[in-house]
$ cat work.pdb   # PDB, C-alpha atoms and all ligand atoms
ATOM      1  CA  MET A  26     -46.258 -15.696 -28.348
ATOM      2  CA  ASN A  27     -49.892 -14.807 -29.129
ATOM      3  CA  ASN A  28     -51.526 -15.856 -32.377
ATOM      4  CA  LEU A  29     -54.503 -13.909 -33.619
ATOM      5  CA  HIS A  30     -56.735 -14.325 -36.650
ATOM      6  CA  VAL A  31     -58.718 -11.380 -38.012
ATOM      7  CA  LYS A  32     -60.914 -10.918 -41.032
ATOM      8  CA  TYR A  33     -59.461  -7.493 -41.874
ATOM      9  CA  MET A  34     -55.974  -6.331 -41.051
ATOM     10  CA  LEU A  35     -55.271  -2.639 -41.629
ATOM     11  CA  ILE A  36     -51.633  -1.580 -41.474
ATOM     12  CA  GLY A  37     -51.097   2.135 -40.881
ATOM     13  CA  GLY A  38     -52.607   4.582 -38.442
ATOM     14  CA  GLY A  39     -53.490   7.438 -40.775
ATOM     15  CA  LEU A  40     -56.673   8.712 -42.357
ATOM     16  CA  ALA A  41     -56.734   6.049 -45.086
ATOM     17  CA  SER A  42     -56.672   3.210 -42.579
ATOM     18  CA  SER A  43     -59.192   4.731 -40.181
ATOM     19  CA  ALA A  44     -61.559   5.675 -43.030
ATOM     20  CA  ALA A  45     -61.290   2.078 -44.260
ATOM     21  CA  ALA A  46     -62.199   0.811 -40.778
ATOM     22  CA  GLU A  47     -65.281   3.050 -40.749
ATOM     23  CA  ALA A  48     -66.316   1.975 -44.244
ATOM     24  CA  ILE A  49     -65.840  -1.741 -43.511
ATOM     25  CA  ARG A  50     -67.896  -1.454 -40.337
ATOM     26  CA  LYS A  51     -70.784   0.042 -42.307
ATOM     27  CA  ILE A  52     -71.028  -3.004 -44.563
ATOM     28  CA  ASP A  53     -69.747  -5.737 -42.263
ATOM     29  CA  HIS A  54     -71.062  -5.350 -38.710
ATOM     30  CA  ASP A  55     -69.312  -8.350 -37.181
ATOM     31  CA  GLY A  56     -66.094  -9.040 -39.123
ATOM     32  CA  SER A  57     -63.049  -8.697 -36.882
ATOM     33  CA  ILE A  58     -60.855  -5.683 -37.697
ATOM     34  CA  LEU A  59     -57.331  -5.041 -36.433
ATOM     35  CA  LEU A  60     -55.670  -1.666 -37.065
ATOM     36  CA  ILE A  61     -51.929  -1.413 -36.407
ATOM     37  CA  ALA A  62     -50.668   2.151 -36.010
ATOM     38  CA  GLN A  63     -47.006   2.982 -35.633
ATOM     39  CA  GLU A  64     -47.593   6.313 -33.932
ATOM     40  CA  VAL A  65     -48.678   6.387 -30.297
ATOM     41  CA  ASN A  66     -51.652   8.619 -31.134
ATOM     42  CA  ARG A  67     -54.844   7.188 -32.588
ATOM     43  CA  PRO A  68     -55.551   8.333 -36.185
ATOM     44  CA  TYR A  69     -55.741  12.095 -36.620
ATOM     45  CA  HIS A  70     -56.019  14.653 -39.422
ATOM     46  CA  ARG A  71     -52.635  15.926 -40.593
ATOM     47  CA  PRO A  72     -53.706  19.026 -42.607
ATOM     48  CA  PRO A  73     -54.300  21.224 -39.493
ATOM     49  CA  LEU A  74     -50.757  20.464 -38.268
ATOM     50  CA  SER A  75     -49.349  23.134 -40.579
ATOM     51  CA  LYS A  76     -52.324  25.477 -40.187
ATOM     52  CA  GLU A  77     -54.895  25.853 -37.353
ATOM     53  CA  TYR A  78     -53.139  23.490 -34.958
ATOM     54  CA  LEU A  79     -49.719  25.075 -35.458
ATOM     55  CA  ARG A  80     -51.355  28.499 -34.986
ATOM     56  CA  ARG A  81     -52.996  27.143 -31.819
ATOM     57  CA  GLN A  82     -56.474  27.905 -33.193
ATOM     58  CA  LYS A  83     -57.582  24.285 -32.985
ATOM     59  CA  PRO A  84     -57.228  22.237 -29.812
ATOM     60  CA  ARG A  85     -55.460  18.882 -29.890
ATOM     61  CA  HIS A  86     -58.586  16.804 -29.228
ATOM     62  CA  GLU A  87     -60.246  18.153 -32.416
ATOM     63  CA  LEU A  88     -57.518  16.632 -34.591
ATOM     64  CA  PHE A  89     -58.577  13.051 -33.990
ATOM     65  CA  VAL A  90     -60.637  11.326 -36.662
ATOM     66  CA  GLN A  91     -62.730   9.348 -34.145
ATOM     67  CA  ASP A  92     -63.568   9.827 -30.463
ATOM     68  CA  SER A  93     -61.393   7.870 -28.050
ATOM     69  CA  GLY A  94     -64.118   5.256 -27.455
ATOM     70  CA  TRP A  95     -65.076   4.790 -31.092
ATOM     71  CA  PHE A  96     -62.805   1.827 -31.823
ATOM     72  CA  GLU A  97     -63.982  -0.136 -28.814
ATOM     73  CA  GLN A  98     -67.640   0.714 -29.434
ATOM     74  CA  ASN A  99     -67.269  -0.579 -32.985
ATOM     75  CA  HIS A 100     -65.349  -3.696 -31.968
ATOM     76  CA  ILE A 101     -62.210  -2.644 -33.793
ATOM     77  CA  GLN A 102     -58.919  -3.614 -32.216
ATOM     78  CA  LEU A 103     -56.622  -0.607 -32.354
ATOM     79  CA  ARG A 104     -52.960  -1.173 -31.528
ATOM     80  CA  THR A 105     -51.037   2.084 -31.416
ATOM     81  CA  GLY A 106     -47.283   2.435 -30.980
ATOM     82  CA  ARG A 107     -46.759  -0.843 -32.883
ATOM     83  CA  HIS A 108     -45.642  -1.586 -36.375
ATOM     84  CA  VAL A 109     -45.785  -4.567 -38.622
ATOM     85  CA  ALA A 110     -42.284  -5.944 -38.573
ATOM     86  CA  HIS A 111     -42.824  -8.749 -41.059
ATOM     87  CA  LEU A 112     -45.446  -9.363 -43.700
ATOM     88  CA  ASP A 113     -45.912 -12.598 -45.581
ATOM     89  CA  VAL A 114     -48.657 -11.972 -48.103
ATOM     90  CA  ALA A 115     -48.387 -15.504 -49.525
ATOM     91  CA  ARG A 116     -49.276 -16.989 -46.130
ATOM     92  CA  MET A 117     -51.639 -14.089 -45.305
ATOM     93  CA  ALA A 118     -49.784 -13.544 -42.075
ATOM     94  CA  ALA A 119     -47.911 -10.765 -40.342
ATOM     95  CA  GLN A 120     -45.760 -10.306 -37.286
ATOM     96  CA  ILE A 121     -46.107  -7.221 -35.118
ATOM     97  CA  ASN A 122     -42.914  -5.800 -33.599
ATOM     98  CA  THR A 123     -44.110  -7.010 -30.196
ATOM     99  CA  GLY A 124     -43.699 -10.560 -31.554
ATOM    100  CA  GLU A 125     -47.423 -11.264 -31.940
ATOM    101  CA  HIS A 126     -48.408 -13.262 -35.048
ATOM    102  CA  VAL A 127     -51.549 -12.273 -36.922
ATOM    103  CA  SER A 128     -53.215 -14.066 -39.797
ATOM    104  CA  PHE A 129     -55.839 -12.302 -41.884
ATOM    105  CA  ASP A 130     -58.372 -12.802 -44.649
ATOM    106  CA  LYS A 131     -58.012  -9.330 -46.135
ATOM    107  CA  LEU A 132     -55.199  -6.829 -45.857
ATOM    108  CA  LEU A 133     -54.906  -3.083 -46.372
ATOM    109  CA  ILE A 134     -51.462  -1.513 -46.475
ATOM    110  CA  ALA A 135     -51.899   2.220 -45.812
ATOM    111  CA  THR A 136     -48.519   3.108 -44.380
ATOM    112  CA  GLY A 137     -48.401   6.578 -45.923
ATOM    113  CA  ALA A 138     -45.260   8.632 -46.212
ATOM    114  CA  SER A 139     -42.485  10.265 -44.218
ATOM    115  CA  PRO A 140     -40.681  13.545 -44.849
ATOM    116  CA  ALA A 141     -37.863  13.302 -47.368
ATOM    117  CA  PRO A 142     -34.659  13.972 -45.467
ATOM    118  CA  LEU A 143     -32.557  17.013 -46.277
ATOM    119  CA  ARG A 144     -29.202  15.597 -47.349
ATOM    120  CA  VAL A 145     -26.631  18.305 -46.685
ATOM    121  CA  PRO A 146     -23.856  18.647 -44.098
ATOM    122  CA  GLY A 147     -25.318  19.852 -40.805
ATOM    123  CA  ALA A 148     -28.751  18.298 -41.400
ATOM    124  CA  ALA A 149     -28.373  16.213 -38.236
ATOM    125  CA  LEU A 150     -28.291  19.319 -36.019
ATOM    126  CA  PRO A 151     -31.149  19.127 -33.498
ATOM    127  CA  ASN A 152     -33.034  22.281 -34.469
ATOM    128  CA  LEU A 153     -33.652  21.239 -38.064
ATOM    129  CA  PHE A 154     -37.311  20.185 -37.920
ATOM    130  CA  TYR A 155     -39.664  18.280 -40.179
ATOM    131  CA  LEU A 156     -43.455  18.285 -40.002
ATOM    132  CA  ARG A 157     -45.425  15.103 -40.527
ATOM    133  CA  THR A 158     -46.741  13.983 -37.170
ATOM    134  CA  LEU A 159     -48.539  15.424 -34.177
ATOM    135  CA  ASP A 160     -45.313  14.956 -32.194
ATOM    136  CA  ASP A 161     -43.430  16.987 -34.836
ATOM    137  CA  ALA A 162     -46.009  19.792 -34.512
ATOM    138  CA  GLU A 163     -45.615  19.820 -30.741
ATOM    139  CA  LEU A 164     -41.828  20.079 -31.059
ATOM    140  CA  LEU A 165     -42.381  23.006 -33.402
ATOM    141  CA  HIS A 166     -44.671  24.710 -30.876
ATOM    142  CA  HIS A 167     -41.802  24.685 -28.374
ATOM    143  CA  ALA A 168     -39.279  25.941 -30.936
ATOM    144  CA  ILE A 169     -41.651  28.749 -32.002
ATOM    145  CA  ASP A 170     -42.224  29.850 -28.392
ATOM    146  CA  LYS A 171     -38.488  29.909 -27.744
ATOM    147  CA  ALA A 172     -37.754  31.868 -30.941
ATOM    148  CA  LEU A 173     -40.475  34.433 -30.137
ATOM    149  CA  ARG A 174     -39.022  34.834 -26.638
ATOM    150  CA  ASP A 175     -35.243  34.618 -27.121
ATOM    151  CA  GLY A 176     -34.718  34.642 -30.897
ATOM    152  CA  ARG A 177     -32.933  37.059 -33.187
ATOM    153  CA  PRO A 178     -34.444  40.570 -33.106
ATOM    154  CA  HIS A 179     -36.097  41.901 -36.287
ATOM    155  CA  ASP A 180     -38.470  44.775 -37.206
ATOM    156  CA  GLN A 181     -41.593  43.046 -35.870
ATOM    157  CA  GLY A 182     -40.164  41.405 -32.747
ATOM    158  CA  ARG A 183     -38.018  38.338 -32.288
ATOM    159  CA  GLY A 184     -37.418  35.060 -34.060
ATOM    160  CA  ARG A 185     -36.056  34.283 -37.532
ATOM    161  CA  ILE A 186     -36.870  30.966 -39.162
ATOM    162  CA  ALA A 187     -35.607  29.375 -42.373
ATOM    163  CA  VAL A 188     -38.129  27.242 -44.229
ATOM    164  CA  ILE A 189     -36.409  25.017 -46.766
ATOM    165  CA  GLY A 190     -38.607  23.973 -49.675
ATOM    166  CA  GLY A 191     -41.067  25.893 -51.841
ATOM    167  CA  GLY A 192     -43.750  23.232 -52.253
ATOM    168  CA  VAL A 193     -47.232  23.301 -50.709
ATOM    169  CA  LEU A 194     -46.024  22.517 -47.203
ATOM    170  CA  GLY A 195     -43.068  24.939 -47.288
ATOM    171  CA  VAL A 196     -45.212  27.887 -48.444
ATOM    172  CA  GLU A 197     -47.938  26.987 -45.963
ATOM    173  CA  LEU A 198     -45.455  26.815 -43.097
ATOM    174  CA  ALA A 199     -43.869  30.121 -44.103
ATOM    175  CA  ALA A 200     -47.317  31.770 -44.085
ATOM    176  CA  THR A 201     -48.228  30.276 -40.702
ATOM    177  CA  LEU A 202     -44.932  31.339 -39.116
ATOM    178  CA  THR A 203     -45.212  34.945 -40.328
ATOM    179  CA  GLN A 204     -48.668  35.057 -38.723
ATOM    180  CA  PHE A 205     -46.908  34.548 -35.383
ATOM    181  CA  GLY A 206     -44.796  37.652 -36.121
ATOM    182  CA  LEU A 207     -41.719  35.582 -36.882
ATOM    183  CA  ALA A 208     -39.380  36.650 -39.699
ATOM    184  CA  VAL A 209     -39.302  33.903 -42.313
ATOM    185  CA  ASP A 210     -36.816  33.135 -45.081
ATOM    186  CA  LEU A 211     -38.322  30.751 -47.630
ATOM    187  CA  LEU A 212     -35.620  28.923 -49.570
ATOM    188  CA  LEU A 213     -36.792  27.678 -52.952
ATOM    189  CA  GLY A 214     -35.136  24.987 -55.004
ATOM    190  CA  HIS A 215     -36.396  26.690 -58.172
ATOM    191  CA  ASP A 216     -37.264  30.196 -59.458
ATOM    192  CA  HIS A 217     -40.769  30.245 -58.042
ATOM    193  CA  PRO A 218     -42.749  28.592 -55.256
ATOM    194  CA  TRP A 219     -44.821  25.525 -56.209
ATOM    195  CA  ALA A 220     -42.677  25.270 -59.371
ATOM    196  CA  LYS A 221     -42.610  21.479 -59.370
ATOM    197  CA  PHE A 222     -46.337  20.806 -59.425
ATOM    198  CA  ALA A 223     -48.095  24.042 -60.406
ATOM    199  CA  GLY A 224     -45.785  25.345 -63.112
ATOM    200  CA  GLU A 225     -44.135  28.635 -63.966
ATOM    201  CA  ASN A 226     -47.241  30.861 -64.251
ATOM    202  CA  THR A 227     -48.781  29.891 -60.917
ATOM    203  CA  GLY A 228     -45.379  30.252 -59.295
ATOM    204  CA  ARG A 229     -44.948  33.733 -60.777
ATOM    205  CA  PHE A 230     -48.336  34.683 -59.338
ATOM    206  CA  LEU A 231     -47.537  33.285 -55.906
ATOM    207  CA  LYS A 232     -44.090  34.793 -55.434
ATOM    208  CA  PRO A 233     -45.179  38.460 -54.972
ATOM    209  CA  LEU A 234     -48.061  37.297 -52.754
ATOM    210  CA  SER A 235     -45.539  35.532 -50.521
ATOM    211  CA  ARG A 236     -43.488  38.717 -50.346
ATOM    212  CA  GLU A 237     -46.594  40.767 -49.476
ATOM    213  CA  ALA A 238     -47.128  38.317 -46.617
ATOM    214  CA  CYS A 239     -43.666  39.422 -45.309
ATOM    215  CA  ILE A 240     -41.983  36.178 -46.356
ATOM    216  CA  ALA A 241     -38.449  36.738 -47.680
ATOM    217  CA  VAL A 242     -38.384  34.501 -50.748
ATOM    218  CA  HIS A 243     -35.000  33.248 -52.002
ATOM    219  CA  SER A 244     -35.049  31.679 -55.467
ATOM    220  CA  ASN A 245     -32.704  28.866 -56.499
ATOM    221  CA  ALA A 246     -31.395  28.792 -52.963
ATOM    222  CA  ARG A 247     -30.870  25.123 -52.139
ATOM    223  CA  PRO A 248     -28.880  25.009 -48.887
ATOM    224  CA  GLN A 249     -25.314  23.814 -49.253
ATOM    225  CA  ARG A 250     -24.646  23.435 -45.529
ATOM    226  CA  LEU A 251     -26.295  24.096 -42.193
ATOM    227  CA  GLU A 252     -23.862  25.560 -39.686
ATOM    228  CA  GLY A 253     -23.845  26.513 -36.019
ATOM    229  CA  ASP A 254     -22.562  25.770 -32.589
ATOM    230  CA  GLY A 255     -24.402  22.523 -31.790
ATOM    231  CA  ARG A 256     -27.557  23.793 -33.537
ATOM    232  CA  VAL A 257     -28.485  25.417 -36.846
ATOM    233  CA  GLN A 258     -27.619  29.122 -36.665
ATOM    234  CA  ARG A 259     -26.967  29.855 -40.339
ATOM    235  CA  ILE A 260     -27.583  28.365 -43.729
ATOM    236  CA  VAL A 261     -24.991  28.530 -46.465
ATOM    237  CA  LEU A 262     -26.534  29.234 -49.892
ATOM    238  CA  PRO A 263     -25.170  28.277 -53.344
ATOM    239  CA  ASP A 264     -23.606  31.752 -53.855
ATOM    240  CA  GLY A 265     -21.674  31.358 -50.574
ATOM    241  CA  SER A 266     -23.848  33.857 -48.656
ATOM    242  CA  HIS A 267     -25.289  33.004 -45.217
ATOM    243  CA  LEU A 268     -28.788  33.290 -43.820
ATOM    244  CA  ALA A 269     -29.011  33.514 -40.029
ATOM    245  CA  CYS A 270     -31.849  31.667 -38.272
ATOM    246  CA  ASP A 271     -33.046  30.463 -34.865
ATOM    247  CA  PHE A 272     -34.181  27.181 -36.328
ATOM    248  CA  ALA A 273     -34.919  25.647 -39.715
ATOM    249  CA  ILE A 274     -37.681  23.449 -41.087
ATOM    250  CA  ALA A 275     -37.132  21.183 -44.073
ATOM    251  CA  ALA A 276     -40.168  20.575 -46.282
ATOM    252  CA  VAL A 277     -38.460  18.984 -49.264
ATOM    253  CA  GLY A 278     -40.928  16.276 -50.175
ATOM    254  CA  ALA A 279     -42.197  12.959 -48.875
ATOM    255  CA  VAL A 280     -41.089   9.377 -49.360
ATOM    256  CA  PRO A 281     -43.448   6.381 -49.140
ATOM    257  CA  ASN A 282     -43.179   4.207 -46.019
ATOM    258  CA  LYS A 283     -42.303   0.914 -47.636
ATOM    259  CA  ASP A 284     -39.124   0.114 -45.777
ATOM    260  CA  SER A 285     -38.337  -3.562 -46.188
ATOM    261  CA  SER A 286     -37.495  -3.709 -42.478
ATOM    262  CA  THR A 287     -41.091  -2.839 -41.610
ATOM    263  CA  THR A 288     -43.112  -4.121 -44.542
ATOM    264  CA  ARG A 289     -41.950  -7.016 -46.657
ATOM    265  CA  ARG A 290     -44.143  -7.857 -49.593
ATOM    266  CA  LEU A 291     -44.064 -11.340 -50.984
ATOM    267  CA  PRO A 292     -45.902 -12.560 -54.096
ATOM    268  CA  LEU A 293     -49.643 -12.982 -53.750
ATOM    269  CA  PRO A 294     -50.879 -16.578 -53.556
ATOM    270  CA  ALA A 295     -52.669 -17.895 -56.651
ATOM    271  CA  ARG A 296     -56.442 -17.450 -56.329
ATOM    272  CA  SER A 297     -58.584 -20.508 -56.848
TER     273      SER A 297
HETATM  274  C1  LIG A 301     -48.423  19.041 -42.276
HETATM  275  C2  LIG A 301     -49.277  18.450 -43.343
HETATM  276  C3  LIG A 301     -50.296  19.195 -43.927
HETATM  277  C4  LIG A 301     -51.099  18.633 -44.919
HETATM  278  N1  LIG A 301     -52.097  19.395 -45.466
HETATM  279  C5  LIG A 301     -52.887  18.856 -46.405
HETATM  280  C6  LIG A 301     -53.957  19.619 -46.985
HETATM  281  O1  LIG A 301     -54.161  20.774 -46.626
HETATM  282  N2  LIG A 301     -54.737  19.016 -47.900
HETATM  283  C7  LIG A 301     -54.530  17.709 -48.304
HETATM  284  O2  LIG A 301     -55.269  17.204 -49.150
HETATM  285  N3  LIG A 301     -53.528  16.974 -47.786
HETATM  286  C8  LIG A 301     -52.703  17.509 -46.855
HETATM  287  N4  LIG A 301     -51.685  16.768 -46.319
HETATM  288  C9  LIG A 301     -51.477  15.397 -46.814
HETATM  289  C10 LIG A 301     -52.380  14.409 -46.084
HETATM  290  O3  LIG A 301     -52.260  14.577 -44.706
HETATM  291  C11 LIG A 301     -51.979  12.997 -46.505
HETATM  292  O4  LIG A 301     -52.352  12.848 -47.851
HETATM  293  C12 LIG A 301     -52.648  11.950 -45.630
HETATM  294  O5  LIG A 301     -52.116  12.055 -44.336
HETATM  295  C13 LIG A 301     -52.399  10.568 -46.185
HETATM  296  O6  LIG A 301     -53.032   9.649 -45.302
HETATM  297  P1  LIG A 301     -52.574   8.135 -45.213
HETATM  298  O7  LIG A 301     -53.422   7.502 -44.187
HETATM  299  O8  LIG A 301     -52.525   7.563 -46.570
HETATM  300  O9  LIG A 301     -51.031   8.181 -44.718
HETATM  301  P2  LIG A 301     -50.378   8.808 -43.426
HETATM  302  O10 LIG A 301     -51.150   9.973 -42.931
HETATM  303  O11 LIG A 301     -48.921   9.008 -43.764
HETATM  304  O12 LIG A 301     -50.514   7.662 -42.346
HETATM  305  C14 LIG A 301     -49.799   6.447 -42.412
HETATM  306  C15 LIG A 301     -49.550   5.973 -41.005
HETATM  307  O13 LIG A 301     -49.045   4.659 -41.066
HETATM  308  C16 LIG A 301     -47.977   4.504 -40.125
HETATM  309  N5  LIG A 301     -47.083   3.403 -40.526
HETATM  310  C17 LIG A 301     -46.047   3.418 -41.406
HETATM  311  N6  LIG A 301     -45.473   2.189 -41.487
HETATM  312  C18 LIG A 301     -46.166   1.377 -40.632
HETATM  313  C19 LIG A 301     -46.053  -0.010 -40.277
HETATM  314  N7  LIG A 301     -45.146  -0.815 -40.813
HETATM  315  N8  LIG A 301     -46.921  -0.511 -39.350
HETATM  316  C20 LIG A 301     -47.889   0.293 -38.800
HETATM  317  N9  LIG A 301     -48.041   1.617 -39.104
HETATM  318  C21 LIG A 301     -47.190   2.141 -40.021
HETATM  319  C22 LIG A 301     -47.297   5.859 -40.161
HETATM  320  O14 LIG A 301     -46.553   6.064 -38.981
HETATM  321  C23 LIG A 301     -48.515   6.792 -40.258
HETATM  322  O15 LIG A 301     -49.000   7.128 -38.981
HETATM  323  C24 LIG A 301     -50.867  17.300 -45.341
HETATM  324  C25 LIG A 301     -49.828  16.548 -44.769
HETATM  325  C26 LIG A 301     -49.051  17.104 -43.774
HETATM  326  C27 LIG A 301     -47.951  16.281 -43.142
END

$ encode --input "work.pdb" --output "structure tokens"
Amino acid sequence: MNNLHVKYMLIGGGLASSAAAEAIRKIDHDGSILLIAQEVNRPYHRPPLSKEYLRRQKPRHELFVQDSGWFEQNHIQLRTGRHVAHLDVARMAAQINTGEHVSFDKLLIATGASPAPLRVPGAALPNLFYLRTLDDAELLHHAIDKALRDGRPHDQGRGRIAVIGGGVLGVELAATLTQFGLAVDLLLGHDHPWAKFAGENTGRFLKPLSREACIAVHSNARPQRLEGDGRVQRIVLPDGSHLACDFAIAAVGAVPNKDSSTTRRLPLPARS
């Protein structure tokens, strides 16, 4: 199996890692840099995924942080679709899931986060979506098209979507989906949107604005179950009532990617 030594090893294929690669290259023109990215796409900006890209106002190629040739031109080895399977910080060495061993002088761990899973019965049904990656956004594009075409009829057209979670991402998604002419039910875990990080007053201000934007806001409506015939068709709320939907999106937080199966941290060696 191959052995490689690099001066800088960057684990993670997001903005933090790619910005670090750019910054290192500005101050160290020759030092070898290896960037390991779990996703198959080279680093891209996530914020448009819930906004311009989901609305199809920004083309795919504009999401990427660097042009396709940038890594090669700057002598940065980019390995996409790989993850670090083993990390031994004491020995300053790592193993990529392809089996390749890499030793390094300096290491950046920028493995980011993944969507927190919704833990209720029915959450494994295939049309419960999450949004974190470009692939997730593309799956959502298909689901949106199908709902607009064949979904449940409502006053403005077709398609009824349940967005679970009243944080930044949930509210943003609800707003984007209504702009397509979809009917949206926004299910909050608390009284008001953004309650967890922006407090009661901001939430009070935001709630009527959400309603003006044709979002049906449901307070204290944590789903108890997702039900349907092989796919989510209704959501059971705490009071036992049901909300019908063509698909659902869970935006209930993020958890750091620090899985011991992908990234094992051992004590740092003593510095001389
Ligand atoms: C839909 C959406 C909209 C957002 N909108 C905004 C906004 O408007 N404003 C704002 O400030 N922020 C926004 N954010 C948050 C912002 O995108 C994040 O703060 C940012 O992506 C963090 O970058 P990062 O590089 O630290 O981590 P990430 O973007 O999570 O990237 C980490 C990468 O590392 C990879 N990885 C994980 N484990 C390994 C491993 N073992 N080996 C190799 N690779 C690994 C992951 O697959 C991932 O690709 C949004 C996020 C999302 C999902």

$ atom_distance --input "work.pdb" --atom1 "CA of His243 in chain A" --atom2 "CA of Ala276 in chain A"
14.8 Å

$ closest_residue --input "work.pdb" --among "A:Pro218, A:Pro68, A:Pro151, A:Pro233" --to "Gly195 in chain A" --atoms "only C-alpha atoms"
A:Pro218

$ resolve_selection --input "work.pdb" --expression "the PyMOL selection byres (((not hetatm)) within 8 of (chain A and resi 301))" --output "ChimeraX atom specification"
/A:36-43,61-64,68,70-76,107-110,121,135-140,156-158,194,282-284,287-288

$ resolve_selection --input "work.pdb" --expression "the PyMOL selection byres (((chain A and resi 88-99) around 6) and not hetatm)" --output "NGL selection string"
:A and (68-70 or 85-87 or 100-101)

$ resolve_selection --input "work.pdb" --expression "the PyMOL selection byres (((chain A and resi 161-176) around 7) and not hetatm)" --output "list in words"
Leu74, Leu79, Tyr155, Leu156, Arg157, Thr158, Leu159, Asp160, Arg177, Pro178, Arg183, Gly184, Arg185, Leu207 and Asp271 of chain A

$ write_last_selection --input "work.pdb" --atoms "C-alpha atoms" --output "PDB file, in the coordinates of the input"
ATOM      1  CA  LEU A  74     -50.757  20.464 -38.268  1.00  0.00           C
ATOM      2  CA  LEU A  79     -49.719  25.075 -35.458  1.00  0.00           C
ATOM      3  CA  TYR A 155     -39.664  18.280 -40.179  1.00  0.00           C
ATOM      4  CA  LEU A 156     -43.455  18.285 -40.002  1.00  0.00           C
ATOM      5  CA  ARG A 157     -45.425  15.103 -40.527  1.00  0.00           C
ATOM      6  CA  THR A 158     -46.741  13.983 -37.170  1.00  0.00           C
ATOM      7  CA  LEU A 159     -48.539  15.424 -34.177  1.00  0.00           C
ATOM      8  CA  ASP A 160     -45.313  14.956 -32.194  1.00  0.00           C
ATOM      9  CA  ARG A 177     -32.933  37.059 -33.187  1.00  0.00           C
ATOM     10  CA  PRO A 178     -34.444  40.570 -33.106  1.00  0.00           C
ATOM     11  CA  ARG A 183     -38.018  38.338 -32.288  1.00  0.00           C
ATOM     12  CA  GLY A 184     -37.418  35.060 -34.060  1.00  0.00           C
ATOM     13  CA  ARG A 185     -36.056  34.283 -37.532  1.00  0.00           C
ATOM     14  CA  LEU A 207     -41.719  35.582 -36.882  1.00  0.00           C
ATOM     15  CA  ASP A 271     -33.046  30.463 -34.865  1.00  0.00           C
TER      16      ASP A 271
END

$ closest_residue --input "work.pdb" --among "A:Tyr33, A:Asp216, A:Asp113, A:Leu103" --to "Asn66 in chain A" --atoms "all atoms listed in the file"
A:Leu103

$ closest_residue --input "work.pdb" --among "A:Leu202, A:Ile189, A:Leu268, A:Ala149" --to "His215 in chain A" --atoms "all atoms listed in the file"
A:Ile189

$ residues_near_point --input "work.pdb" --point "(-49.0, -10.8, -40.1)" --cutoff "10 Å" --atoms "all atoms listed in the file" --output "JSON list (two decimals) with C-alpha atoms, in the coordinates of the input"
[["chain", "number", "residue", "atom", "x", "y", "z"],
["A", 28, "ASN", "CA", -51.53, -15.86, -32.38],
["A", 29, "LEU", "CA", -54.50, -13.91, -33.62],
["A", 30, "HIS", "CA", -56.74, -14.32, -36.65],
["A", 31, "VAL", "CA", -58.72, -11.38, -38.01],
["A", 34, "MET", "CA", -55.97, -6.33, -41.05],
["A", 36, "ILE", "CA", -51.63, -1.58, -41.47],
["A", 109, "VAL", "CA", -45.78, -4.57, -38.62],
["A", 110, "ALA", "CA", -42.28, -5.94, -38.57],
["A", 111, "HIS", "CA", -42.82, -8.75, -41.06],
["A", 112, "LEU", "CA", -45.45, -9.36, -43.70],
["A", 113, "ASP", "CA", -45.91, -12.60, -45.58],
["A", 114, "VAL", "CA", -48.66, -11.97, -48.10],
["A", 116, "ARG", "CA", -49.28, -16.99, -46.13],
["A", 117, "MET", "CA", -51.64, -14.09, -45.30],
["A", 118, "ALA", "CA", -49.78, -13.54, -42.08],
["A", 119, "ALA", "CA", -47.91, -10.76, -40.34],
["A", 120, "GLN", "CA", -45.76, -10.31, -37.29],
["A", 121, "ILE", "CA", -46.11, -7.22, -35.12],
["A", 125, "GLU", "CA", -47.42, -11.26, -31.94],
["A", 126, "HIS", "CA", -48.41, -13.26, -35.05],
["A", 127, "VAL", "CA", -51.55, -12.27, -36.92],
["A", 128, "SER", "CA", -53.22, -14.07, -39.80],
["A", 129, "PHE", "CA", -55.84, -12.30, -41.88],
["A", 132, "LEU", "CA", -55.20, -6.83, -45.86],
["A", 288, "THR", "CA", -43.11, -4.12, -44.54]]

$ closest_atom_pairs --input "work.pdb" --of "range 120-230 of chain A" --to "range 257-263 of chain A" --cutoff "8 Å" --atoms "all atoms listed in the file" --output "tab-separated table"
residue	atom	partner	partner_atom	distance
A:Gly147	CA	A:Val257	CA	7.5
A:Leu150	CA	A:Val257	CA	6.2
A:Pro151	CA	A:Val257	CA	7.6
A:Asn152	CA	A:Val257	CA	6.0
A:Leu153	CA	A:Val257	CA	6.8
